[in-house]
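Student: TSV, C-alpha atoms, file protein.tsv:
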chain	number	residue	atom	x	y	z
A	1	MET	CA	-82.56	13.76	2.07
A	2	PRO	CA	-85.61	12.30	0.27
A	3	THR	CA	-87.50	9.48	1.95
A	4	PHE	CA	-88.02	6.04	0.51
A	5	GLU	CA	-91.66	6.83	-0.39
A	6	GLU	CA	-90.60	9.95	-2.32
A	7	ILE	CA	-87.96	7.98	-4.25
A	8	ALA	CA	-90.54	5.29	-5.10
A	9	ALA	CA	-93.02	7.90	-6.27
A	10	PHE	CA	-90.38	9.56	-8.45
A	11	ILE	CA	-89.48	6.23	-10.08
A	12	THR	CA	-93.18	5.51	-10.72
A	13	GLU	CA	-93.95	8.92	-12.16
A	14	LYS	CA	-90.71	9.34	-14.21
A	15	PRO	CA	-89.37	5.94	-15.29
A	16	LEU	CA	-87.23	7.26	-18.20
A	17	PRO	CA	-85.17	9.79	-16.18
A	18	THR	CA	-84.85	7.14	-13.49
A	19	ALA	CA	-83.38	4.68	-16.00
A	20	ILE	CA	-80.95	7.32	-17.33
A	21	ILE	CA	-79.83	8.18	-13.80
A	22	ALA	CA	-79.33	4.49	-13.01
A	23	VAL	CA	-77.22	3.94	-16.16
A	24	LEU	CA	-75.13	7.01	-15.47
A	25	SER	CA	-74.61	5.91	-11.86
A	26	LEU	CA	-73.51	2.47	-13.05
A	27	VAL	CA	-71.07	4.04	-15.54
A	28	GLY	CA	-69.76	6.31	-12.78
A	29	LEU	CA	-69.19	3.34	-10.49
A	30	VAL	CA	-67.35	1.49	-13.24
A	31	LEU	CA	-65.17	4.52	-13.98
A	32	ALA	CA	-64.49	5.03	-10.28
A	33	PHE	CA	-63.47	1.38	-9.99
A	34	LEU	CA	-61.13	1.69	-12.98
A	35	VAL	CA	-59.60	4.89	-11.62
A	36	LEU	CA	-59.04	3.32	-8.20
A	37	ARG	CA	-57.52	0.24	-9.81
A	38	ILE	CA	-55.12	2.35	-11.91
A	39	ALA	CA	-54.23	4.44	-8.89
A	40	TRP	CA	-53.58	1.29	-6.85
A	41	ARG	CA	-51.30	-0.09	-9.56
A	42	VAL	CA	-49.40	3.20	-9.79
A	43	VAL	CA	-48.97	3.35	-6.02
A	44	SER	CA	-47.85	-0.29	-5.94
A	45	TRP	CA	-45.36	0.31	-8.76
A	46	VAL	CA	-43.96	3.42	-7.06
A	47	PHE	CA	-43.70	1.58	-3.74
A	48	THR	CA	-41.97	-1.44	-5.32
A	49	ARG	CA	-39.63	0.68	-7.46
A	50	TYR	CA	-38.64	3.51	-5.12
A	51	VAL	CA	-39.80	2.83	-1.55
A	52	ALA	CA	-39.26	-0.88	-0.87
A	53	PRO	CA	-35.54	-0.99	-1.88
A	54	ARG	CA	-34.72	1.97	0.38
A	55	PRO	CA	-34.08	1.79	4.14
A	56	ILE	CA	-36.89	3.00	6.35
A	57	GLU	CA	-34.82	5.99	7.52
A	58	ASP	CA	-34.49	7.24	3.93
A	59	VAL	CA	-38.26	6.99	3.41
A	60	LEU	CA	-38.95	8.86	6.65
A	61	THR	CA	-36.40	11.50	5.64
A	62	VAL	CA	-38.22	12.12	2.35
A	63	VAL	CA	-41.60	12.29	4.10
A	64	ALA	CA	-40.39	14.71	6.78
A	65	ALA	CA	-38.57	16.88	4.23
A	66	SER	CA	-41.71	17.01	2.07
A	67	ILE	CA	-43.81	18.15	5.05
A	68	ALA	CA	-41.24	20.82	5.95
A	69	THR	CA	-41.11	21.97	2.34
A	70	GLY	CA	-44.93	22.23	2.34
A	71	VAL	CA	-44.82	24.40	5.45
A	72	SER	CA	-42.24	26.62	3.77
A	73	ALA	CA	-44.36	26.83	0.60
A	74	GLN	CA	-47.39	27.84	2.68
A	75	GLY	CA	-45.36	30.68	4.16
A	76	MET	CA	-44.28	31.78	0.68
A	77	TRP	CA	-47.95	31.69	-0.40
A	78	ARG	CA	-48.83	34.22	2.29
A	79	PHE	CA	-45.70	36.26	1.57
A	80	SER	CA	-46.48	36.47	-2.17
A	81	GLY	CA	-50.02	37.66	-1.41
A	82	ASP	CA	-49.45	40.01	1.53
A	83	VAL	CA	-46.09	41.51	0.55
A	84	LEU	CA	-45.84	41.14	-3.22
A	85	GLY	CA	-49.55	41.63	-3.89
A	86	LEU	CA	-49.87	38.66	-6.23
A	87	VAL	CA	-53.42	37.36	-6.71
A	88	GLY	CA	-55.18	34.70	-8.72
A	89	PRO	CA	-53.35	32.47	-11.20
A	90	LEU	CA	-50.21	34.61	-11.05
A	91	ARG	CA	-49.90	33.94	-7.33
A	92	LEU	CA	-50.48	30.23	-7.90
A	93	LEU	CA	-47.72	30.07	-10.52
A	94	LEU	CA	-45.07	32.13	-8.76
A	95	PHE	CA	-45.38	31.59	-5.01
A	96	ALA	CA	-43.23	28.42	-4.77
A	97	PHE	CA	-40.41	29.20	-7.20
A	98	ILE	CA	-37.78	28.99	-4.44
A	99	GLU	CA	-39.05	25.57	-3.26
A	100	VAL	CA	-38.90	24.29	-6.86
A	101	ALA	CA	-35.33	25.62	-7.11
A	102	ILE	CA	-34.43	23.87	-3.85
A	103	ILE	CA	-35.79	20.54	-5.09
A	104	THR	CA	-33.97	20.98	-8.42
A	105	SER	CA	-30.67	21.75	-6.70
A	106	ALA	CA	-31.13	18.76	-4.36
A	107	VAL	CA	-31.69	16.41	-7.31
A	108	ARG	CA	-28.65	17.81	-9.13
A	109	ALA	CA	-26.53	17.50	-5.99
A	110	ARG	CA	-27.52	13.84	-5.60
A	111	ARG	CA	-26.60	13.19	-9.23
A	112	ASN	CA	-23.25	14.91	-8.73
A	113	MET	CA	-22.68	12.74	-5.67
A	114	ARG	CA	-23.24	9.57	-7.66
A	115	GLU	CA	-21.12	10.67	-10.62
A	116	ASN	CA	-18.39	12.86	-9.07
A	117	PHE	CA	-18.56	11.77	-5.40
A	118	SER	CA	-19.29	15.35	-4.31
A	119	ALA	CA	-22.44	17.49	-4.09
A	120	GLY	CA	-20.56	20.44	-5.58
A	121	ILE	CA	-22.06	23.90	-6.00
A	122	ASP	CA	-25.59	22.47	-6.03
A	123	GLY	CA	-25.18	21.30	-2.45
A	124	ILE	CA	-24.27	24.84	-1.41
A	125	ALA	CA	-27.24	26.17	-3.40
A	126	VAL	CA	-29.64	23.96	-1.41
A	127	TRP	CA	-28.56	25.55	1.86
A	128	ALA	CA	-28.50	29.08	0.44
A	129	LEU	CA	-31.99	28.82	-1.06
A	130	THR	CA	-33.30	27.17	2.11
A	131	CYS	CA	-32.06	30.06	4.25
A	132	LEU	CA	-33.58	32.51	1.77
A	133	THR	CA	-37.05	30.94	1.83
A	134	ALA	CA	-36.90	30.61	5.63
A	135	VAL	CA	-36.16	34.30	6.06
A	136	LEU	CA	-38.82	35.41	3.54
A	137	SER	CA	-41.48	33.19	5.13
A	138	SER	CA	-40.72	34.46	8.64
A	139	MET	CA	-40.88	38.11	7.54
A	140	ASP	CA	-44.66	37.81	7.05
A	141	ALA	CA	-45.25	36.12	10.42
A	142	ARG	CA	-47.80	37.64	12.79
A	143	SER	CA	-46.04	36.60	16.00
A	144	LEU	CA	-42.64	35.56	17.27
A	145	PRO	CA	-43.53	31.83	17.65
A	146	GLU	CA	-44.82	31.78	14.08
A	147	ALA	CA	-41.62	33.43	12.83
A	148	VAL	CA	-39.47	30.87	14.68
A	149	PHE	CA	-41.56	28.03	13.28
A	150	ARG	CA	-41.28	29.32	9.71
A	151	LEU	CA	-37.54	29.73	10.15
A	152	ALA	CA	-37.14	26.23	11.50
A	153	ALA	CA	-39.22	24.28	8.96
A	154	PRO	CA	-37.01	24.82	5.85
A	155	LEU	CA	-33.83	24.32	7.90
A	156	VAL	CA	-35.17	21.00	9.18
A	157	ALA	CA	-35.82	19.91	5.59
A	158	ALA	CA	-32.30	20.94	4.55
A	159	TRP	CA	-30.77	19.13	7.51
A	160	LEU	CA	-32.63	15.91	6.71
A	161	TRP	CA	-31.46	16.19	3.10
A	162	GLU	CA	-27.87	16.75	4.25
A	163	ARG	CA	-27.95	13.67	6.49
A	164	GLY	CA	-29.32	11.57	3.64
A	165	MET	CA	-26.52	12.83	1.40
A	166	ALA	CA	-23.93	12.02	4.07
A	167	ILE	CA	-25.17	8.43	4.32
A	168	GLU	CA	-25.13	8.05	0.54
A	169	ARG	CA	-21.65	9.63	0.36
A	170	HIS	CA	-20.38	7.11	2.87
A	171	ARG	CA	-22.06	4.27	0.98
A	172	ILE	CA	-20.57	5.30	-2.39
A	173	ARG	CA	-17.07	6.37	-1.36
A	174	GLY	CA	-16.63	3.94	1.52
A	175	THR	CA	-15.22	6.69	3.73
A	176	GLY	CA	-16.32	8.02	7.06
A	177	ARG	CA	-17.30	11.46	8.15
A	178	ILE	CA	-14.86	14.36	8.11
A	179	ASN	CA	-12.93	15.35	11.21
A	180	TRP	CA	-13.83	18.91	12.16
A	181	ARG	CA	-10.96	21.11	13.31
A	182	LEU	CA	-13.23	23.04	15.67
A	183	THR	CA	-14.96	20.72	18.14
A	184	PRO	CA	-15.88	21.03	21.82
A	185	GLU	CA	-13.13	18.56	22.72
A	186	ARG	CA	-10.47	20.57	20.88
A	187	LEU	CA	-11.65	23.79	22.52
A	188	MET	CA	-11.48	22.23	25.98
A	189	VAL	CA	-7.95	20.99	25.29
A	190	ARG	CA	-6.87	24.40	23.97
A	191	MET	CA	-8.20	26.13	27.10
A	192	GLY	CA	-6.43	23.62	29.33
A	193	LEU	CA	-9.64	22.13	30.68
A	194	ALA	CA	-9.11	18.69	29.17
A	195	GLU	CA	-6.25	16.31	28.36
A	196	VAL	CA	-5.46	14.78	24.98
A	197	SER	CA	-4.15	11.53	26.44
A	198	ASP	CA	-5.68	9.31	29.09
A	199	ARG	CA	-3.24	10.35	31.84
A	200	THR	CA	-4.55	10.69	35.36
A	201	ALA	CA	-4.65	14.01	37.20
A	202	SER	CA	-1.66	13.07	39.34
A	203	GLU	CA	0.45	12.19	36.28
A	204	VAL	CA	-0.42	15.48	34.58
A	205	ASP	CA	0.41	17.47	37.72
A	206	ALA	CA	3.73	15.66	38.18
A	207	HIS	CA	4.72	16.32	34.55
A	208	ARG	CA	3.96	20.03	34.87
A	209	ARG	CA	5.92	20.38	38.12
A	210	LEU	CA	8.94	18.61	36.63
A	211	THR	CA	8.75	20.86	33.59
A	212	ARG	CA	8.72	23.94	35.84
A	213	VAL	CA	11.91	22.71	37.56
A	214	ALA	CA	13.62	22.12	34.21
A	215	LEU	CA	12.63	25.55	32.85
A	216	ALA	CA	13.73	27.30	36.05
A	217	ALA	CA	17.09	25.52	35.90
A	218	LYS	CA	17.55	26.54	32.27
A	219	ARG	CA	16.79	30.19	33.05
A	220	ALA	CA	19.20	30.26	36.01
A	221	LYS	CA	21.94	28.68	33.89
A	222	ALA	CA	21.37	31.18	31.08
A	223	LEU	CA	21.58	34.12	33.50
A	224	ARG	CA	24.78	32.83	35.04
A	225	GLU	CA	26.44	32.28	31.66
A	226	GLY	CA	25.30	35.71	30.52
A	227	GLY	CA	26.87	37.45	33.52
A	228	ALA	CA	23.63	38.63	35.09
A	229	SER	CA	23.55	40.71	38.21
A	230	GLU	CA	23.51	39.21	41.69
A	231	ARG	CA	19.91	40.27	42.25
A	232	LYS	CA	18.67	38.50	39.10
A	233	MET	CA	20.61	35.40	40.04
A	234	ARG	CA	19.05	35.38	43.52
A	235	VAL	CA	15.57	35.67	42.02
A	236	ALA	CA	16.22	32.88	39.49
A	237	LEU	CA	17.71	30.58	42.13
A	238	ALA	CA	14.79	31.28	44.45
A	239	LYS	CA	12.33	30.28	41.72
A	240	LEU	CA	14.37	27.16	40.99
A	241	ASP	CA	14.48	26.26	44.68
A	242	LYS	CA	10.73	26.80	45.05
A	243	ALA	CA	9.93	24.68	41.98
A	244	MET	CA	12.24	21.94	43.25
A	245	ASP	CA	10.60	21.97	46.69
A	246	GLN	CA	7.14	21.62	45.20
A	247	ALA	CA	8.30	18.83	42.87
A	248	VAL	CA	9.82	16.88	45.75
A	249	GLU	CA	6.72	17.41	47.85
A	250	HIS	CA	4.03	16.57	45.29
A	251	THR	CA	5.70	14.17	42.84
A	252	GLY	CA	7.86	11.99	45.05
A	253	LEU	CA	10.93	13.06	43.07
A	254	ALA	CA	13.32	12.08	45.84
A	255	VAL	CA	12.36	8.39	45.75
A	256	ASP	CA	10.84	7.88	42.28
A	257	GLN	CA	13.63	6.87	39.90
A	258	GLN	CA	11.48	7.15	36.76
A	259	ARG	CA	10.60	10.76	37.51
A	260	GLN	CA	14.22	11.56	38.31
A	261	GLU	CA	15.18	10.23	34.87
A	262	ALA	CA	12.33	12.20	33.28
A	263	LEU	CA	13.56	15.41	34.94
A	264	LEU	CA	17.14	14.82	33.83
A	265	ALA	CA	15.94	14.09	30.30
A	266	GLN	CA	14.05	17.39	30.16
A	267	ILE	CA	17.04	19.32	31.52
A	268	ALA	CA	19.37	17.64	29.01
A	269	ALA	CA	17.04	18.55	26.15
A	270	LEU	CA	16.67	22.17	27.29
A	271	TYR	CA	20.40	22.68	27.92
A	272	ASN	CA	21.36	21.42	24.45
A	273	THR	CA	18.86	23.29	22.31
A	274	SER	CA	21.69	24.93	20.34
A	275	ALA	CA	22.94	21.51	19.32
A	276	LEU	CA	19.94	21.20	17.00
A	277	ILE	CA	21.64	23.64	14.64
A	278	ASP	CA	24.48	21.20	13.99
A	279	ALA	CA	22.32	18.08	13.95
A	280	ALA	CA	22.60	16.07	10.74
A	281	PRO	CA	19.75	13.56	10.69
A	282	ARG	CA	19.91	10.77	8.17
A	283	VAL	CA	17.67	11.06	5.15
A	284	PRO	CA	15.06	8.26	5.32
A	285	TRP	CA	15.66	7.18	1.73
A	286	GLU	CA	19.46	7.34	1.96
A	287	PRO	CA	21.13	3.87	1.80
A	288	GLU	CA	22.56	2.42	4.99
A	289	ALA	CA	26.25	2.89	5.73
A	290	ASP	CA	26.94	-0.82	5.42
A	291	HIS	CA	24.95	-1.12	2.22
A	292	HIS	CA	26.91	-2.42	-0.75
A	293	PRO	CA	25.59	-2.78	-4.29
A	294	VAL	CA	25.05	-6.26	-5.59
A	295	PRO	CA	28.21	-7.32	-7.45
A	296	ALA	CA	27.92	-7.92	-11.13
A	297	ARG	CA	27.89	-11.47	-12.42
A	298	PRO	CA	31.26	-12.86	-13.51
A	299	ALA	CA	32.16	-12.45	-17.15
A	300	LEU	CA	31.11	-15.27	-19.47
A	301	PRO	CA	33.64	-17.46	-21.29
A	302	PRO	CA	34.65	-16.02	-24.68
A	303	ALA	CA	32.88	-18.73	-26.66
A	304	LEU	CA	29.67	-18.28	-24.71
A	305	ALA	CA	29.87	-14.48	-24.85
A	306	GLU	CA	30.26	-14.63	-28.61
A	307	LEU	CA	27.12	-16.70	-28.89
A	308	VAL	CA	25.17	-14.37	-26.61
A	309	ASP	CA	26.26	-11.28	-28.54
A	310	ASP	CA	24.92	-12.68	-31.80
A	311	GLU	CA	21.91	-10.76	-33.07
A	312	ASP	CA	19.08	-12.30	-35.02
A	313	GLU	CA	19.37	-9.72	-37.76
A	314	ASP	CA	23.06	-10.56	-38.36
A	315	ILE	CA	22.20	-14.04	-39.73
A	316	GLU	CA	20.90	-14.37	-43.24
A	317	VAL	CA	18.02	-16.84	-43.20
A	318	PHE	CA	16.37	-16.58	-46.58
A	319	ASP	CA	15.03	-14.06	-49.00
A	320	THR	CA	13.40	-11.34	-46.90
A	321	THR	CA	11.01	-10.30	-49.64
A	322	PRO	CA	7.49	-10.19	-48.13
A	323	GLN	CA	5.51	-13.30	-49.01
A	324	VAL	CA	1.80	-13.52	-49.67
A	325	LEU	CA	0.56	-16.70	-48.01
A	326	SER	CA	-2.86	-18.24	-47.87
A	327	THR	CA	-4.57	-18.91	-44.57
A	328	ALA	CA	-4.05	-22.67	-44.87
A	329	GLU	CA	-0.33	-22.33	-45.62
A	330	ARG	CA	0.14	-19.85	-42.78
A	331	ALA	CA	-1.59	-22.26	-40.37
A	332	ALA	CA	0.56	-25.15	-41.61
A	333	ARG	CA	3.77	-23.19	-40.98
A	334	MET	CA	2.59	-22.27	-37.50
A	335	ARG	CA	1.88	-25.95	-36.74
A	336	GLY	CA	5.32	-26.87	-38.03
A	337	ALA	CA	6.96	-24.21	-35.86
A	338	ARG	CA	5.04	-25.47	-32.86
A	339	GLU	CA	6.10	-29.06	-33.44
A	340	PHE	CA	9.75	-27.99	-33.79
A	341	TRP	CA	9.48	-25.97	-30.56
A	342	ASP	CA	7.98	-28.89	-28.63
A	343	ARG	CA	10.70	-31.28	-29.84
A	344	GLN	CA	13.47	-28.94	-28.80
A	345	ILE	CA	11.93	-28.19	-25.40
A	346	ALA	CA	11.60	-31.93	-24.76
A	347	LYS	CA	15.37	-32.22	-25.36
A	348	GLY	CA	16.05	-29.41	-22.87
A	349	ILE	CA	16.83	-26.88	-25.59
A	350	VAL	CA	15.20	-23.44	-25.88
A	351	PRO	CA	15.22	-22.68	-29.64
A	352	ARG	CA	16.40	-19.28	-30.74
A	353	THR	CA	14.39	-17.05	-33.03
A	354	VAL	CA	16.88	-17.81	-35.80
A	355	ASP	CA	16.50	-21.56	-35.24
A	356	ILE	CA	12.72	-21.37	-35.67
A	357	ALA	CA	12.97	-19.17	-38.76
A	358	GLN	CA	15.58	-21.42	-40.46
A	359	GLU	CA	13.77	-24.65	-39.64
A	360	ILE	CA	10.32	-23.62	-40.86
A	361	GLY	CA	11.24	-20.99	-43.44
A	362	ILE	CA	9.37	-18.06	-41.92
A	363	SER	CA	10.41	-14.47	-41.31
A	364	LEU	CA	12.31	-13.44	-38.21
A	365	SER	CA	9.44	-11.18	-37.05
A	366	THR	CA	6.95	-14.04	-37.26
A	367	ALA	CA	9.33	-16.42	-35.48
A	368	ARG	CA	9.91	-13.80	-32.79
A	369	GLU	CA	6.14	-13.48	-32.20
A	370	TYR	CA	5.76	-17.25	-31.87
A	371	ARG	CA	8.69	-17.49	-29.51
A	372	ALA	CA	7.48	-14.61	-27.33
A	373	LEU	CA	4.24	-16.51	-26.71
A	374	TRP	CA	5.66	-19.99	-26.25
A	375	LYS	CA	8.53	-19.07	-23.93
A	376	LEU	CA	6.00	-18.13	-21.22
A	377	GLU	CA	4.89	-21.76	-20.90
A	378	PRO	CA	6.04	-23.47	-17.68
A	379	GLN	CA	8.63	-25.87	-19.19
A	380	ALA	CA	10.26	-23.27	-21.41
A	381	HIS	CA	10.19	-20.67	-18.66
A	382	ALA	CA	11.94	-23.09	-16.30
A	383	LEU	CA	14.76	-23.64	-18.82
A	384	ILE	CA	15.18	-19.87	-19.32
A	385	GLU	CA	15.32	-19.33	-15.55
A	386	ALA	CA	17.96	-22.06	-15.24
A	387	LEU	CA	20.08	-20.32	-17.88
A	388	TYR	CA	19.89	-17.04	-15.95
A	389	GLN	CA	20.52	-18.50	-12.51
A	390	GLN	CA	23.43	-20.74	-13.54
A	391	HIS	CA	25.14	-18.75	-16.29
A	392	GLY	CA	23.74	-15.21	-16.01
A	393	ILE	CA	22.32	-15.33	-19.54
A	394	VAL	CA	19.39	-13.01	-20.17
A	395	ASP	CA	16.83	-14.17	-22.70
A	396	THR	CA	17.18	-11.99	-25.81
A	397	GLY	CA	15.89	-14.50	-28.31
A	398	ALA	CA	19.46	-15.24	-29.52
A	399	PHE	CA	21.11	-16.88	-26.49
A	400	PRO	CA	22.47	-20.48	-26.56
A	401	ALA	CA	20.62	-23.21	-24.70
A	402	ILE	CA	22.32	-25.19	-21.92
A	403	ALA	CA	21.83	-28.92	-21.64
A	404	PRO	CA	21.47	-30.63	-18.21
A	405	ASP	CA	25.09	-31.75	-18.38
A	406	GLY	CA	26.27	-28.15	-18.83
A	407	ARG	CA	26.97	-28.30	-22.57
A	408	VAL	CA	26.20	-25.26	-24.64
A	409	LEU	CA	23.58	-26.09	-27.29
A	410	THR	CA	23.07	-23.71	-30.16
A	411	GLY	CA	21.09	-25.80	-32.60
A	412	ASN	CA	19.73	-29.23	-33.22
Write out the structure in this file as structure tokens.
Tutor:
Amino acid sequence: MPTFEEIAAFITEKPLPTAIIAVLSLVGLVLAFLVLRIAWRVVSWVFTRYVAPRPIEDVLTVVAASIATGVSAQGMWRFSGDVLGLVGPLRLLLFAFIEVAIITSAVRARRNMRENFSAGIDGIAVWALTCLTAVLSSMDARSLPEAVFRLAAPLVAAWLWERGMAIERHRIRGTGRINWRLTPERLMVRMGLAEVSDRTASEVDAHRRLTRVALAAKRAKALREGGASERKMRVALAKLDKAMDQAVEHTGLAVDQQRQEALLAQIAALYNTSALIDAAPRVPWEPEADHHPVPARPALPPALAELVDDEDEDIEVFDTTPQVLSTAERAARMRGAREFWDRQIAKGIVPRTVDIAQEIGISLSTAREYRALWKLEPQAHALIEALYQQHGIVDTGAFPAIAPDGRVLTGN
């Protein structure tokens, strides 16, 4: 490194190169400042857009998976050079094609999760490609620890990705994790080393001893009914007697009424197994025996039935030739129909479609549209409900209205 005196001498002897160097240094500092400022803004934007909204565990998952992927890529770099013989730019372009495929499949699987609520075939591809790159990286290892490390790194990355997908799946679908059919608890229960329920050891032992008594009694009964030999009967009765002795000794069967009832219930169920053939259980959706259909409403009086049976189309209102009306005239007729409807409702009368059409001079279809909208209003709906509850009249648009005093009203 030059001393201060040498720098001063150089500036004195060569002022022009010194000035050029100073200007270039100043420009370099300015460019470095601009580059750092742009980089800071990019990092801040990325942090605000992608990192800050995510939980810390998701960020750590991405960081750890990236490190593991880098380790895997380094193994593929050595594999492509030592095994495949790739050198130079070709090695640089081709060494990490599996890692790129893994990242692509992971991105597609996440998109499938958000759109179709399932990772699909891309999720399987992530694990398959991860296993492939792990095996290839470990094949070029120089020692067993290195091979284990290169096997573990990609699998760690895939596991972190899978856990992130599971959390996102739960967040999107609102469902929990799946229930595996093969678990340590299920294996322990299947081998008889664990209990499904929370019974104590004494309760489990008592149940098994009572079951042995019931099964021994069933076998002895079956041999006797089948005409078995005396030797077989002696053996069966000896087993029954032994099971009964152990049950009395270890379960308190002689003094415990609940266990006596449990034993008798098991024997009753075992003795009557053949009765299941003739059992006729009730179908859950079959009506009850005492169920009776709701009786029909009583028939209406002839005069009222005749009015109900009238159809709108049977009454000639006016010339049915289609009319061409202006917007103002159409609005005026609608206002007139509304005023007529309000007057009739105030009197306790629900106008029929025919009444509206005759009063205003509009077509039946137009009157029916108006009526279908207005009959949903609270006051009109209450009158229609009263007609149905009191007289059984269903609103068809042509029924008669009933006044509060019970009179049948068919018009004004």
Student: For the point (12.7, 30.3, 44.4) in file coordinates, what residues are within 12 Å, counting all atoms listed in the file? Give the answer as a list in words?
Tutor: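 Residues with an atom at most 12 Å from (12.7, 30.3, 44.4): Arg212, Val213, Ala216, Ala217, Ala220, Lys232, Met233, Arg234, Val235, Ala236, Leu237, Ala238, Lys239, Leu240, Asp241, Lys242, Ala243, Met244, Asp245 and Gln246 of chain A.
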Student: Looking at all atoms listed in the file, which of A:Ile56, A:Ala39, A:Ala9, A:Ala134 is the one that sits closest to Thr69 (chain A)?
Tutor: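 Among A:Ile56, A:Ala39, A:Ala9, A:Ala134, it is A:Ala134 that comes nearest to Thr69 (chain A).
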Student: Can you measure CA of Ser274 (chain A) to CA of Lys221 (chain A) for me? One decimal in Å is fine.
Tutor: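 Separation of CA of Ser274 (chain A) and CA of Lys221 (chain A): 14.1 Å.
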Student: So how far away is CA of Ala125 (chain A) from CA of Val107 (chain A), in Å?
Tutor: 11.4 Å
Student: Please work out which residues fall within 12 Å of (-41.7, 28.9, 13.8), coordinates as given in the file, with only C-alpha atoms counting, and return them as number ranges by chain.
Tutor: A: 68, 71-72, 75, 134-135, 137-156
Student: Kindly save the residues from that selection, with C-alpha atoms included, as a compact mmCIF listing (two decimals), in the frame of the given file.
Tutor:
# COMPACT_ATOMS: atom_id res chain seq x y z
CA ALA A 68 -41.24 20.82 5.95
CA VAL A 71 -44.82 24.40 5.45
CA SER A 72 -42.24 26.62 3.77
CA GLY A 75 -45.36 30.68 4.16
CA ALA A 134 -36.90 30.61 5.63
CA VAL A 135 -36.16 34.30 6.06
CA SER A 137 -41.48 33.19 5.13
CA SER A 138 -40.72 34.46 8.64
CA MET A 139 -40.88 38.11 7.54
CA ASP A 140 -44.66 37.81 7.05
CA ALA A 141 -45.25 36.12 10.42
CA ARG A 142 -47.80 37.64 12.79
CA SER A 143 -46.04 36.60 16.00
CA LEU A 144 -42.64 35.56 17.27
CA PRO A 145 -43.53 31.83 17.65
CA GLU A 146 -44.82 31.78 14.08
CA ALA A 147 -41.62 33.43 12.83
CA VAL A 148 -39.47 30.87 14.68
CA PHE A 149 -41.56 28.03 13.28
CA ARG A 150 -41.28 29.32 9.71
CA LEU A 151 -37.54 29.73 10.15
CA ALA A 152 -37.14 26.23 11.50
CA ALA A 153 -39.22 24.28 8.96
CA PRO A 154 -37.01 24.82 5.85
CA LEU A 155 -33.83 24.32 7.90
CA VAL A 156 -35.17 21.00 9.18
Student: Need to verify the contact set: region 96-101 of chain A, 12 Å, only C-alpha atoms, exclusion of same-chain residues closer than 6 positions in sequence. Can you return it as a ChimeraX atom specification?
Tutor: /A:65-66,68-81,90,107-108,122-123,125-137,154,157-158
Student: Measure the distance from CA of Ala280 (chain A) to CA of Gln260 (chain A) in Å and round it to one decimal.
Tutor: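 Between CA of Ala280 (chain A) and CA of Gln260 (chain A) the gap is 29.2 Å.
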Student: Counting all atoms listed in the file, which of A:Leu160, A:Pro15, A:Phe4, A:Ala357 gets nearest to Ala64 (chain A)?
Tutor: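 Of A:Leu160, A:Pro15, A:Phe4, A:Ala357, the one nearest Ala64 (chain A), counting all atoms listed in the file, is A:Leu160.
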Student: As AutoDock Vina command-line options, what would the box around region 116-123 of chain A look like: edges along x, y and z, 5 Å added on every side, centre and edge lengths in Å to one decimal?
Tutor:
--center_x -22.0 --center_y 17.8 --center_z -5.8 --size_x 17.2 --size_y 22.1 --size_z 16.6
Student: From the options A:Ala214, A:Ala32, A:Ala166, A:Ile349, which residue's atoms come nearest to Phe117 (chain A), counting all atoms listed in the file?
Tutor: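 Distance minimum relative to Phe117 (chain A) lands on A:Ala166.
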Student: For a quick check of understanding, using all atoms listed in the file, which of A:Ala382, A:Leu387, A:Met334, A:Gly164 has the smallest distance to Glu369 (chain A)?
Tutor: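 Of all the options, A:Met334 lies closest to Glu369 (chain A).
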Student: Just checking: using only C-alpha atoms, which residue out of A:Gly252, A:Gly192, A:Pro351, A:Pro184 ends up closest to Lys375 (chain A)?
Tutor: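 Of A:Gly252, A:Gly192, A:Pro351, A:Pro184, the one nearest Lys375 (chain A), counting only C-alpha atoms, is A:Pro351.
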Student: Would you mind telling me which residue in A:Arg259, A:Ile362, A:Asp342, A:Ala367 lies nearest to Ala380 (chain A) when using only C-alpha atoms?
Tutor: A:Asp342
